[in-house]
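**Q** Sending over a structure as structure tokens; questions will come in a sec.
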Amino acid sequence: MEYFGIDLGCAIGSLRNGKFPEKDCLLPLISKVLGYCIVAASTTVKLPQILKILKHGSVRGLSMVAFEMEVVGYTIALAYCLHKGLPFSAYGELAFLLIQGIILVAIIYYYSQPVGTLTWIRALLYCAIAPTVLAGQMDPMLFEALYASQHAIFFCARVPQIWTNFKNKSTGELSFLTCLMNSAGSIVRVFTSIQEKAPSSVILGSVIGIITNGTILSQIIIYQKPQVKKDKKVT
């Protein structure tokens, strides 16, 4: 009995016999369910950030380069997973995160007028190269090297934002909910990647996500506390 790649046969069979499913049966089942939960949650993970920017009409405290590099990282990661033929539950969130990431960058461009020439050049280069990468139309060795670099890209994508937060002692318009969902998703994805027998490079990417997203999340908590106290005094 299999639905969406989830094998329920062994679990249902064990329960019918009055037994609790064994580890080898239960863990893959949990992994598949969690994987699809991550994919479902990813459809709205950046929505709080988008809505916060639109509500305030400001991108104060947000690093444009950080969000641009994030889109590049999502593109490479998605292309690699497609190329490797991994099950959708193991990478599906990347497709939704990429779409939302592109929308977010477009909004940041809109509220960062005037946008410099260098910014437009970066955007045009991405639009020219991304389709080729997603189609996997490149040398396999180059593809592996490109995927290996995406870990550095994701890490470097977070560093400008972390530094901006530290320098300003504020997280500006960063959304707590979006960062929380990113951190939780990275933690769960480590477990599902191990169960899906994904390449170690995929697991490494999730670990880097836990560290960097966790750092930004802690900054939001730390730097927003003084503001809350100040508001209480005024009231």
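Order determines the names: the first chain of the structure tokens is A, the second B, and so forth; residues in each chain are numbered 1 upward, and ligands are numbered 1 upward as they are shown.
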For Leu217 (chain A), list every protein, DNA or RNA residue within 7 Å, evaluated using only C-alpha atoms, and leave out those in the same chain fewer than 5 positions away; present the list as a PyMOL selection string.

**A** chain A and resi 176+179-180

**Q** Convert the current residue selection to file output with C-alpha atoms, as a PDB file, in the first residue's frame.

**A**
```pdb
ATOM      1  CA  PHE A 176      10.875  36.257  12.905  1.00  0.00           C
ATOM      2  CA  CYS A 179      13.573  32.741  10.075  1.00  0.00           C
ATOM      3  CA  LEU A 180      11.973  30.331  12.551  1.00  0.00           C
TER       4      LEU A 180
END
```

**Q** To test your reading of the structure, identify every residue in chain A that backbone DSSP assigns to helix (DSSP H, G or I), and report it as a ChimeraX atom specification.

**A** /A:9-16,23-42,47-56,64-84,88-90,93-110,117-134,140-168,176-195,200-234

**Q** What gap, in Å, lies between CA of Ala40 (chain A) and CA of Ile222 (chain A)?

**A** 29.6 Å

**Q** Of the candidates A:Ala135, A:Val188, A:Ala123, A:Ala148, which shows the shortest atom-to-atom distance to Ala41 (chain A), using only C-alpha atoms?

**A**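 That would be A:Val188, the residue with the smallest distance to Ala41 (chain A).
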
**Q** Find the residues near region 68-82 of chain A: any atom within 8 Å, counting only C-alpha atoms, skip ones fewer than 6 places away on the same chain, and give them as a PyMOL selection string.

**A** chain A and resi 91+94-95+97-98+101-102+105+126+130+133-136+143+146-147+150-151+153-154+156-157

**Q** Lys167 (chain A): which residues within 12 Å, counting only C-alpha atoms, same-chain residues fewer than 6 positions away excluded, as JSON, numbers by chain?

**A** {"A": [61, 159, 160, 161, 219, 223]}

**Q** How far is it from CA of Thr43 (chain A) to CA of Leu174 (chain A), in Å with one decimal?

**A** 18.4 Å

**Q** Using only C-alpha atoms, which protein or nucleic acid residues come within 8 Å of Tyr36 (chain A)? Drop anything in the same chain fewer than 4 positions from it, and give the result as a PyMOL selection string.

**A** chain A and resi 32+40+89+92

**Q** For the selection you just gave me, I'd like the residues written to a file as an mmCIF file, in the first residue's frame, keeping all heavy atoms.

**A**
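In the end it all went to again.cif:
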```
data_model
loop_
_atom_site.group_PDB
_atom_site.id
_atom_site.type_symbol
_atom_site.label_atom_id
_atom_site.label_comp_id
_atom_site.auth_asym_id
_atom_site.auth_seq_id
_atom_site.Cartn_x
_atom_site.Cartn_y
_atom_site.Cartn_z
ATOM 1 N N LYS A 32 9.319 10.255 5.203
ATOM 2 C CA LYS A 32 8.502 10.646 4.055
ATOM 3 C C LYS A 32 7.441 11.676 4.452
ATOM 4 O O LYS A 32 7.232 12.671 3.763
ATOM 5 C CB LYS A 32 7.824 9.413 3.460
ATOM 6 C CG LYS A 32 8.734 8.515 2.642
ATOM 7 C CD LYS A 32 9.089 9.150 1.313
ATOM 8 C CE LYS A 32 9.867 8.173 0.429
ATOM 9 N NZ LYS A 32 10.237 8.777 -0.866
ATOM 10 N N ALA A 40 5.141 21.206 1.995
ATOM 11 C CA ALA A 40 3.881 21.944 2.154
ATOM 12 C C ALA A 40 4.121 23.278 2.864
ATOM 13 O O ALA A 40 3.597 24.320 2.451
ATOM 14 C CB ALA A 40 2.878 21.097 2.941
ATOM 15 N N SER A 89 9.948 14.391 -2.223
ATOM 16 C CA SER A 89 9.838 14.678 -0.793
ATOM 17 C C SER A 89 11.178 15.087 -0.188
ATOM 18 O O SER A 89 11.224 15.640 0.912
ATOM 19 C CB SER A 89 9.303 13.451 -0.044
ATOM 20 O OG SER A 89 10.178 12.340 -0.191
ATOM 21 N N GLY A 92 11.552 18.956 -2.598
ATOM 22 C CA GLY A 92 10.451 19.743 -3.150
ATOM 23 C C GLY A 92 10.377 21.180 -2.675
ATOM 24 O O GLY A 92 9.976 22.083 -3.432
#
```

**Q** With only C-alpha atoms as the atoms that count, which of A:Pro199, A:Gly209, A:Gly185, A:Gly214 lies nearest to Val45 (chain A)?

**A**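 Of A:Pro199, A:Gly209, A:Gly185, A:Gly214, the one nearest Val45 (chain A), counting only C-alpha atoms, is A:Gly185.
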
**Q** Using only C-alpha atoms for the distances, tell me which of A:Met64, A:Gly85, A:Trp163, A:Ala198 is nearest to Val115 (chain A).

**A**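 Once distances to Val115 (chain A) are computed over only C-alpha atoms, the minimum belongs to A:Met64.
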
**Q** Just the residues within 7 Å of Glu93 (chain A), please, counting only C-alpha atoms, with nothing from its chain fewer than 4 positions along; format it as a compact mmCIF listing (two decimals) with N, CA, C and O atoms, in the first residue's frame.

**A**
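The resulting selection-v7.txt:
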```txt
# COMPACT_ATOMS: atom_id res chain seq x y z
N ILE A 38 7.50 19.44 5.08
CA ILE A 38 8.43 20.53 4.78
C ILE A 38 8.06 21.18 3.44
O ILE A 38 8.04 22.40 3.30
N VAL A 39 7.77 20.33 2.46
CA VAL A 39 7.39 20.84 1.14
C VAL A 39 6.13 21.69 1.24
O VAL A 39 6.05 22.78 0.66
N SER A 42 6.85 24.96 2.96
CA SER A 42 7.72 25.84 2.17
C SER A 42 6.93 26.73 1.21
O SER A 42 7.45 27.74 0.74
N LEU A 97 10.76 27.61 -2.52
CA LEU A 97 11.64 28.63 -1.94
C LEU A 97 12.28 29.47 -3.04
O LEU A 97 12.46 30.68 -2.87
```

**Q** Under the rule that only C-alpha atoms are counted, which of A:Ser201, A:His56, A:Gly116, A:Thr215 is the nearest residue to Ala145 (chain A)?

**A**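 For Ala145 (chain A), the nearest of the candidates is A:Ser201.
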
**Q** To one decimal place in Å, what is the distance between CA of Ser218 (chain A) and CA of Thr119 (chain A)?

**A**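 Pair CA of Ser218 (chain A) / CA of Thr119 (chain A) returns 29.6 Å.
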
**Q** For Ser206 (chain A), list every protein, DNA or RNA residue within 9 Å, evaluated using only C-alpha atoms, and leave out those in the same chain fewer than 2 positions away; present the list as a PDB file with all heavy atoms, in the first residue's frame.

**A**
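Result file is selection_10.pdb:
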```
ATOM      1  N   GLY A 185      12.967  23.955   9.384  1.00  0.00           N
ATOM      2  CA  GLY A 185      13.030  23.171   8.156  1.00  0.00           C
ATOM      3  C   GLY A 185      14.401  22.546   7.946  1.00  0.00           C
ATOM      4  O   GLY A 185      14.508  21.389   7.512  1.00  0.00           O
ATOM      5  N   SER A 186      15.462  23.294   8.272  1.00  0.00           N
ATOM      6  CA  SER A 186      16.827  22.768   8.120  1.00  0.00           C
ATOM      7  C   SER A 186      17.076  21.601   9.070  1.00  0.00           C
ATOM      8  O   SER A 186      17.719  20.610   8.708  1.00  0.00           O
ATOM      9  CB  SER A 186      17.851  23.888   8.383  1.00  0.00           C
ATOM     10  OG  SER A 186      17.748  24.902   7.426  1.00  0.00           O
ATOM     11  N   ILE A 187      16.561  21.719  10.292  1.00  0.00           N
ATOM     12  CA  ILE A 187      16.737  20.645  11.283  1.00  0.00           C
ATOM     13  C   ILE A 187      16.046  19.363  10.818  1.00  0.00           C
ATOM     14  O   ILE A 187      16.633  18.271  10.843  1.00  0.00           O
ATOM     15  CB  ILE A 187      16.180  21.077  12.654  1.00  0.00           C
ATOM     16  CG1 ILE A 187      17.024  22.225  13.220  1.00  0.00           C
ATOM     17  CG2 ILE A 187      16.160  19.903  13.627  1.00  0.00           C
ATOM     18  CD1 ILE A 187      16.441  22.861  14.466  1.00  0.00           C
ATOM     19  N   VAL A 188      14.796  19.498  10.391  1.00  0.00           N
ATOM     20  CA  VAL A 188      14.034  18.327   9.931  1.00  0.00           C
ATOM     21  C   VAL A 188      14.648  17.738   8.670  1.00  0.00           C
ATOM     22  O   VAL A 188      14.692  16.522   8.487  1.00  0.00           O
ATOM     23  CB  VAL A 188      12.559  18.705   9.686  1.00  0.00           C
ATOM     24  CG1 VAL A 188      11.791  17.526   9.104  1.00  0.00           C
ATOM     25  CG2 VAL A 188      11.895  19.166  10.980  1.00  0.00           C
ATOM     26  N   ARG A 189      15.164  18.605   7.789  1.00  0.00           N
ATOM     27  CA  ARG A 189      15.712  18.139   6.522  1.00  0.00           C
ATOM     28  C   ARG A 189      16.970  17.278   6.720  1.00  0.00           C
ATOM     29  O   ARG A 189      17.236  16.376   5.913  1.00  0.00           O
ATOM     30  CB  ARG A 189      16.017  19.332   5.615  1.00  0.00           C
ATOM     31  CG  ARG A 189      16.485  18.968   4.231  1.00  0.00           C
ATOM     32  CD  ARG A 189      15.600  17.944   3.567  1.00  0.00           C
ATOM     33  NE  ARG A 189      14.368  18.474   3.017  1.00  0.00           N
ATOM     34  CZ  ARG A 189      13.354  17.726   2.647  1.00  0.00           C
ATOM     35  NH1 ARG A 189      13.398  16.415   2.810  1.00  0.00           N
ATOM     36  NH2 ARG A 189      12.257  18.269   2.149  1.00  0.00           N
ATOM     37  N   VAL A 190      17.729  17.517   7.787  1.00  0.00           N
ATOM     38  CA  VAL A 190      18.889  16.667   8.082  1.00  0.00           C
ATOM     39  C   VAL A 190      18.420  15.228   8.292  1.00  0.00           C
ATOM     40  O   VAL A 190      18.985  14.274   7.742  1.00  0.00           O
ATOM     41  CB  VAL A 190      19.651  17.166   9.330  1.00  0.00           C
ATOM     42  CG1 VAL A 190      20.693  16.135   9.765  1.00  0.00           C
ATOM     43  CG2 VAL A 190      20.333  18.493   9.050  1.00  0.00           C
ATOM     44  N   SER A 193      17.007  13.698   4.981  1.00  0.00           N
ATOM     45  CA  SER A 193      18.073  13.455   4.004  1.00  0.00           C
ATOM     46  C   SER A 193      18.836  12.181   4.337  1.00  0.00           C
ATOM     47  O   SER A 193      19.210  11.412   3.445  1.00  0.00           O
ATOM     48  CB  SER A 193      19.044  14.643   3.962  1.00  0.00           C
ATOM     49  OG  SER A 193      18.397  15.813   3.506  1.00  0.00           O
ATOM     50  N   SER A 201      26.749  15.741   0.686  1.00  0.00           N
ATOM     51  CA  SER A 201      26.798  17.171   0.373  1.00  0.00           C
ATOM     52  C   SER A 201      25.441  17.832   0.613  1.00  0.00           C
ATOM     53  O   SER A 201      25.360  19.005   0.993  1.00  0.00           O
ATOM     54  CB  SER A 201      27.228  17.380  -1.084  1.00  0.00           C
ATOM     55  OG  SER A 201      26.393  16.665  -1.967  1.00  0.00           O
ATOM     56  N   VAL A 202      24.350  17.062   0.395  1.00  0.00           N
ATOM     57  CA  VAL A 202      23.005  17.584   0.639  1.00  0.00           C
ATOM     58  C   VAL A 202      22.787  17.786   2.143  1.00  0.00           C
ATOM     59  O   VAL A 202      22.233  18.793   2.587  1.00  0.00           O
ATOM     60  CB  VAL A 202      21.934  16.631   0.069  1.00  0.00           C
ATOM     61  CG1 VAL A 202      20.534  17.102   0.447  1.00  0.00           C
ATOM     62  CG2 VAL A 202      22.059  16.547  -1.453  1.00  0.00           C
ATOM     63  N   ILE A 203      23.255  16.817   2.933  1.00  0.00           N
ATOM     64  CA  ILE A 203      23.123  16.888   4.393  1.00  0.00           C
ATOM     65  C   ILE A 203      23.941  18.062   4.923  1.00  0.00           C
ATOM     66  O   ILE A 203      23.496  18.790   5.812  1.00  0.00           O
ATOM     67  CB  ILE A 203      23.582  15.572   5.041  1.00  0.00           C
ATOM     68  CG1 ILE A 203      22.709  14.411   4.546  1.00  0.00           C
ATOM     69  CG2 ILE A 203      23.523  15.669   6.565  1.00  0.00           C
ATOM     70  CD1 ILE A 203      23.182  13.050   4.996  1.00  0.00           C
ATOM     71  N   LEU A 204      25.143  18.252   4.361  1.00  0.00           N
ATOM     72  CA  LEU A 204      26.002  19.357   4.779  1.00  0.00           C
ATOM     73  C   LEU A 204      25.303  20.693   4.571  1.00  0.00           C
ATOM     74  O   LEU A 204      25.398  21.589   5.418  1.00  0.00           O
ATOM     75  CB  LEU A 204      27.309  19.328   3.995  1.00  0.00           C
ATOM     76  CG  LEU A 204      28.296  20.481   4.264  1.00  0.00           C
ATOM     77  CD1 LEU A 204      28.724  20.487   5.724  1.00  0.00           C
ATOM     78  CD2 LEU A 204      29.516  20.370   3.339  1.00  0.00           C
ATOM     79  N   ILE A 208      24.599  23.552   7.459  1.00  0.00           N
ATOM     80  CA  ILE A 208      24.978  24.962   7.315  1.00  0.00           C
ATOM     81  C   ILE A 208      23.755  25.849   7.513  1.00  0.00           C
ATOM     82  O   ILE A 208      23.826  26.911   8.141  1.00  0.00           O
ATOM     83  CB  ILE A 208      25.605  25.221   5.929  1.00  0.00           C
ATOM     84  CG1 ILE A 208      26.948  24.505   5.823  1.00  0.00           C
ATOM     85  CG2 ILE A 208      25.775  26.721   5.672  1.00  0.00           C
ATOM     86  CD1 ILE A 208      27.592  24.588   4.448  1.00  0.00           C
ATOM     87  N   GLY A 209      22.607  25.384   6.997  1.00  0.00           N
ATOM     88  CA  GLY A 209      21.358  26.135   7.166  1.00  0.00           C
ATOM     89  C   GLY A 209      20.969  26.263   8.635  1.00  0.00           C
ATOM     90  O   GLY A 209      20.491  27.314   9.068  1.00  0.00           O
ATOM     91  N   ILE A 210      21.175  25.196   9.409  1.00  0.00           N
ATOM     92  CA  ILE A 210      20.856  25.233  10.839  1.00  0.00           C
ATOM     93  C   ILE A 210      21.703  26.287  11.539  1.00  0.00           C
ATOM     94  O   ILE A 210      21.198  27.084  12.334  1.00  0.00           O
ATOM     95  CB  ILE A 210      21.109  23.850  11.482  1.00  0.00           C
ATOM     96  CG1 ILE A 210      20.113  22.818  10.955  1.00  0.00           C
ATOM     97  CG2 ILE A 210      21.005  23.943  13.014  1.00  0.00           C
ATOM     98  CD1 ILE A 210      20.402  21.405  11.410  1.00  0.00           C
ATOM     99  N   ILE A 211      22.996  26.302  11.229  1.00  0.00           N
ATOM    100  CA  ILE A 211      23.923  27.236  11.888  1.00  0.00           C
ATOM    101  C   ILE A 211      23.616  28.686  11.523  1.00  0.00           C
ATOM    102  O   ILE A 211      23.488  29.553  12.399  1.00  0.00           O
ATOM    103  CB  ILE A 211      25.379  26.893  11.507  1.00  0.00           C
ATOM    104  CG1 ILE A 211      25.749  25.504  12.035  1.00  0.00           C
ATOM    105  CG2 ILE A 211      26.341  27.948  12.074  1.00  0.00           C
ATOM    106  CD1 ILE A 211      27.085  24.990  11.534  1.00  0.00           C
TER     107      ILE A 211
END
```

**Q** With distances taken over only C-alpha atoms, which of A:Leu29, A:Ile216, A:Val59, A:Leu51 is nearest to Phe166 (chain A)?

**A**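 That would be A:Ile216, the residue with the smallest distance to Phe166 (chain A).
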